[in-house]
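**Q** I'd like to ask some things about the structure below.
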Amino acid sequence: MPEGNYVVATRTPQPPPTLLKRATEPETSEGMRADYPADVLDATQGGPNTVIVLGLWAQVTAEPLEMFQSRLYAIRGAIRRLMRRSPSTRVFMRTGTTRAHKKGKMEYYLLASDWLAYLITEVIREMFRADPDVVVLDTWDMSVCQPGKDNVHPDQTIVDSQLNRLLSHACPN
């Protein structure tokens with residue numbers, strides 16, 4: 001990697017509903033702001049040295065799929081506005097991964113199962129399939145065939161593979 005000044009910033013796009021105190025409060029019980037990705041993208045300057053990676057699936061498996069689709073439409077609109085402002089910005093959308101199965105609890109299967117994560121992954125794939133401004137980092141298959149245990153936060157081998165794939169698109173030279 002060439003020498004230079006690199007800044008990596010992370011943001012939780014929206015905490016899971018189970019962590020929110022009340023919709024009227026600006027922070028969650030974990031102290032994280034509940035900033036919506038479309039608003040963050042609209043406030044982003046962008047440019048040739050800006051790479052944005054969106055991983056939006058894990059926090060929304062408990063929501064109705066139609067609500068996620070609606071939010072994704074808003075995010076797609078914000079990406080289009082960003083690309084009009086700064087066409088050299090690179091935008092990536094990361095799909096979901098498999099999750100750990102927590103002791104067979106019914107609430108897990110109803111609110112956070114692999115099936116729900118897979119459906120969200122399919123919505124992401126379809127929404128951005130033909131979008132020339134967004135690279136879909138399809139990490140679902142990587143996690144399905146991983147040698148380690150299923151986990152919403154995959155092991156280092158999978159993370160390394162995801163980063164290699166991201167960097168091959170973000171820094172092709």
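Lettering and numbering for the structure tokens are positional, with chains as A, B, ... in the shown order, residues counted from 1 in each chain, and ligands counted from 1 in the shown order.
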Using DSSP assignments from the backbone, pull out every residue in stretch 63-139 of chain A that falls under helix (DSSP H, G or I) and give it to me as a ChimeraX atom specification.

**A** /A:65-85,106-111,114-128

**Q** Fewer than 3 positions away in the same chain doesn't count, so skip those; otherwise give me all residues within 12 Å of stretch 116-129 of chain A, counting only C-alpha atoms, as number ranges by chain.

**A** A: 54-77, 79-80, 91-100, 108-113, 132-141, 143-144, 152

**Q** Rank nothing, just name the residue among A:Cys171, A:Asp131, A:Met142, A:Pro48 nearest to A:Ile158, using only C-alpha atoms.

**A** A:Met142

**Q** I need the residues of stretch 35-149 of chain A that end up classed as strand (DSSP E or B) by DSSP on the backbone, written out as a ChimeraX atom specification.

**A** /A:51-55,90-94,134-137

**Q** From the list A:Gly47, A:Arg90, A:Asp155, A:Asp114, which residue is nearest A:Pro172 when using only C-alpha atoms?

**A** A:Arg90

**Q** In Å, rounded to a single decimal, give me how far atom CA of A:Gln45 is from atom CA of A:Ser161.

**A**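 Between atom CA of A:Ser161 and atom CA of A:Gln45 the gap is 28.8 Å.
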
**Q** Please, what distance in Å, to one decimal, runs between atom CA of A:Arg84 and atom CA of A:Gln162?

**A**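 Between atom CA of A:Arg84 and atom CA of A:Gln162 the gap is 27.9 Å.
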
**Q** Can you work out the spacing between atom CA of A:Ser88 and atom CA of A:Ala170 in Å, to one decimal?

**A**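 Between these atoms lies a distance of 11.3 Å.
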